[in-house]
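K.L.:
Please find one structure pasted underneath; my questions will follow.
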Amino acid sequence: MNTRVLIIIAVIIAVIAGWFFRKQGDITPPVNIQTSEVDYEATDIQAIQTNEKGETEYELNADSLTHNPATNLDEMSGITMNWEPSDEQRYVIEAGSATMNQQTGDLQLFDGFSLVSENKTDDTSDSEPIKVTGQALKGNTKSRQVYSEEPVQVEQGMNRFQAATMTANLETGDYEFGEVAVTFTPAERQDKALF
């Protein structure tokens with residue numbers, strides 16, 4: 001074969017290849033990587049917080065935890081917290097989502113919560129545990145106080161009522177409720193002879 005024919009074939013192939021690559025379009029710009037708002041993430045969390053004496057103050061279980069360095073908040077989902085703020089009081093707290101600041105102790109529960117009290121000192125006590133449920137609860141693990149500015153449902157044994165607001169000192173077990181609504185159903189009247 002003649003070298004002239006080979007050169008013509010090579011030029012035709014180069015023109016076709018150039019045309020093909022030109023038709024492919026512009027190359028997309030490089031990916032812009034921004035700094036993340038997440039410092040660290042973890043799943044299936046099991047944490048224990050101790051007090052100054054080394055005694056367990058609360059145990060925390062969460063499905064996931066993300067730390068946001070911009071707000072310095074731990075953002076959690078699916079939490080269960082066993083909290084023992086004093087020698088007499090114990091609480092089980094569950095919530096769909098929560099945020100917590102480890103330095104200040106500020107805690108916010110949302111996406112539904114339940115707070116159930118337990119008496120640690122006397123298992124034979126006649127008092128029933130108090131269960132408070134609602135949509136959002138705020139508090140502080142250092143001051144051991146919680147409050148809700150949204151309506152809550154309260155149950156204790158057979159007693160039930162609703163309240164517009166709630167404040168509680170978990171260390172002492174004292175609760176305050178605002179705008180309480182109670183439904184009272186008296187027993188049926190039965191006429192009986194006195195003698």
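Ordering of the structure tokens sets the chain letters (A, B, ...); residue numbers start at 1 within each chain; ligands are numbered from 1 in the order shown.
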Write out as an mmCIF file with C-alpha atoms, in the first residue's frame all residues of range 5-171 of chain A that DSSP puts in strand (DSSP E) for this structure's backbone.
P.N.:
```
data_model
loop_
_atom_site.group_PDB
_atom_site.id
_atom_site.type_symbol
_atom_site.label_atom_id
_atom_site.label_comp_id
_atom_site.auth_asym_id
_atom_site.auth_seq_id
_atom_site.Cartn_x
_atom_site.Cartn_y
_atom_site.Cartn_z
ATOM 1 C CA TYR A 40 -19.410 14.304 63.405
ATOM 2 C CA GLU A 41 -22.182 11.735 62.989
ATOM 3 C CA ALA A 42 -22.961 8.418 64.667
ATOM 4 C CA THR A 43 -25.752 5.852 64.798
ATOM 5 C CA ASP A 44 -27.031 3.524 67.537
ATOM 6 C CA ILE A 45 -25.812 5.800 70.344
ATOM 7 C CA GLN A 46 -25.543 4.620 73.951
ATOM 8 C CA ALA A 47 -24.182 7.321 76.267
ATOM 9 C CA ILE A 48 -23.911 7.680 80.047
ATOM 10 C CA GLN A 49 -23.561 11.039 81.833
ATOM 11 C CA THR A 50 -22.182 11.030 85.368
ATOM 12 C CA THR A 56 -24.826 7.898 86.783
ATOM 13 C CA GLU A 57 -27.077 10.882 86.168
ATOM 14 C CA TYR A 58 -28.661 9.776 82.895
ATOM 15 C CA GLU A 59 -28.347 7.139 80.209
ATOM 16 C CA LEU A 60 -29.146 8.162 76.656
ATOM 17 C CA ASN A 61 -29.936 5.913 73.697
ATOM 18 C CA ALA A 62 -30.491 7.388 70.231
ATOM 19 C CA ASP A 63 -30.919 6.022 66.732
ATOM 20 C CA SER A 64 -28.634 8.722 65.325
ATOM 21 C CA LEU A 65 -26.609 11.722 66.498
ATOM 22 C CA THR A 66 -25.164 14.596 64.472
ATOM 23 C CA HIS A 67 -23.080 17.416 65.960
ATOM 24 C CA ASN A 68 -23.496 20.815 64.305
ATOM 25 C CA LEU A 73 -25.856 21.311 69.262
ATOM 26 C CA ASP A 74 -26.112 17.533 69.224
ATOM 27 C CA GLU A 75 -29.085 16.726 66.983
ATOM 28 C CA MET A 76 -30.582 13.311 67.761
ATOM 29 C CA SER A 77 -33.454 11.159 66.544
ATOM 30 C CA GLY A 78 -35.290 8.306 68.226
ATOM 31 C CA ILE A 79 -34.124 9.009 71.782
ATOM 32 C CA THR A 80 -34.792 7.226 75.055
ATOM 33 C CA MET A 81 -33.344 8.778 78.206
ATOM 34 C CA ASN A 82 -33.260 7.228 81.691
ATOM 35 C CA TRP A 83 -32.693 10.240 83.939
ATOM 36 C CA GLN A 89 -36.599 10.549 91.436
ATOM 37 C CA ARG A 90 -36.152 8.614 88.196
ATOM 38 C CA TYR A 91 -37.666 9.433 84.782
ATOM 39 C CA VAL A 92 -37.920 7.733 81.419
ATOM 40 C CA ILE A 93 -38.107 10.220 78.553
ATOM 41 C CA GLU A 94 -38.770 9.286 74.938
ATOM 42 C CA ALA A 95 -38.939 11.597 71.914
ATOM 43 C CA GLY A 96 -38.878 11.454 68.135
ATOM 44 C CA SER A 97 -36.148 14.109 67.862
ATOM 45 C CA ALA A 98 -34.036 16.195 70.215
ATOM 46 C CA THR A 99 -31.278 18.791 70.349
ATOM 47 C CA MET A 100 -28.843 19.153 73.234
ATOM 48 C CA ASP A 106 -30.090 22.877 77.264
ATOM 49 C CA LEU A 107 -32.368 20.151 75.924
ATOM 50 C CA GLN A 108 -35.243 20.382 73.441
ATOM 51 C CA LEU A 109 -37.496 17.441 72.611
ATOM 52 C CA PHE A 110 -39.878 17.556 69.660
ATOM 53 C CA ASP A 111 -41.797 15.320 67.232
ATOM 54 C CA GLY A 112 -43.729 13.974 70.223
ATOM 55 C CA PHE A 113 -42.441 13.143 73.712
ATOM 56 C CA SER A 114 -43.382 11.158 76.795
ATOM 57 C CA LEU A 115 -42.081 11.754 80.323
ATOM 58 C CA VAL A 116 -42.790 9.008 82.880
ATOM 59 C CA SER A 117 -41.831 9.387 86.552
ATOM 60 C CA GLU A 118 -40.751 6.520 88.778
ATOM 61 C CA ASN A 119 -40.233 6.486 92.540
ATOM 62 C CA ILE A 130 -47.077 10.356 86.361
ATOM 63 C CA LYS A 131 -46.982 10.208 82.574
ATOM 64 C CA VAL A 132 -46.851 13.461 80.579
ATOM 65 C CA THR A 133 -47.124 13.393 76.773
ATOM 66 C CA GLY A 134 -47.095 16.177 74.214
ATOM 67 C CA LEU A 137 -40.595 19.783 75.758
ATOM 68 C CA LYS A 138 -37.681 22.043 76.729
ATOM 69 C CA GLY A 139 -35.406 21.789 79.712
ATOM 70 C CA ASN A 140 -31.943 21.834 81.190
ATOM 71 C CA GLN A 145 -36.061 21.607 85.135
ATOM 72 C CA VAL A 146 -38.324 20.990 82.141
ATOM 73 C CA TYR A 147 -41.231 22.932 80.678
ATOM 74 C CA SER A 148 -43.679 22.815 77.813
ATOM 75 C CA VAL A 152 -49.774 18.248 77.316
ATOM 76 C CA GLN A 153 -51.763 15.181 78.390
ATOM 77 C CA VAL A 154 -51.230 14.021 81.979
ATOM 78 C CA GLU A 155 -52.032 10.555 83.336
ATOM 79 C CA GLN A 156 -51.664 9.200 86.851
ATOM 80 C CA ASN A 159 -56.768 10.230 86.579
ATOM 81 C CA ARG A 160 -56.320 12.078 83.291
ATOM 82 C CA PHE A 161 -56.349 15.729 82.310
ATOM 83 C CA GLN A 162 -55.021 18.165 79.733
ATOM 84 C CA ALA A 163 -53.024 21.317 80.421
ATOM 85 C CA ALA A 164 -52.015 24.195 78.161
ATOM 86 C CA THR A 165 -48.560 24.495 79.783
ATOM 87 C CA MET A 166 -46.357 22.586 82.206
ATOM 88 C CA THR A 167 -43.308 23.294 84.355
ATOM 89 C CA ALA A 168 -41.553 20.602 86.390
ATOM 90 C CA ASN A 169 -38.607 20.382 88.753
#
```
K.L.:
What parts of range 1-179 of chain A does DSSP call helix (DSSP H, G or I)? I'd like the answer as an NGL selection string.
P.N.:
:A and (3-23)
K.L.:
CA of Glu150 in chain A and CA of Gln103 in chain A, how far apart in Å?
P.N.:
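Computed distance, CA of Gln103 in chain A to CA of Glu150 in chain A, equals 26.0 Å.
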K.L.:
Between A:Thr172, A:Ser143, A:Asn51, A:Ser127, single out the one closest to Met158 in chain A, counting only C-alpha atoms.
P.N.:
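Of all the options, A:Ser127 lies closest to Met158 in chain A.
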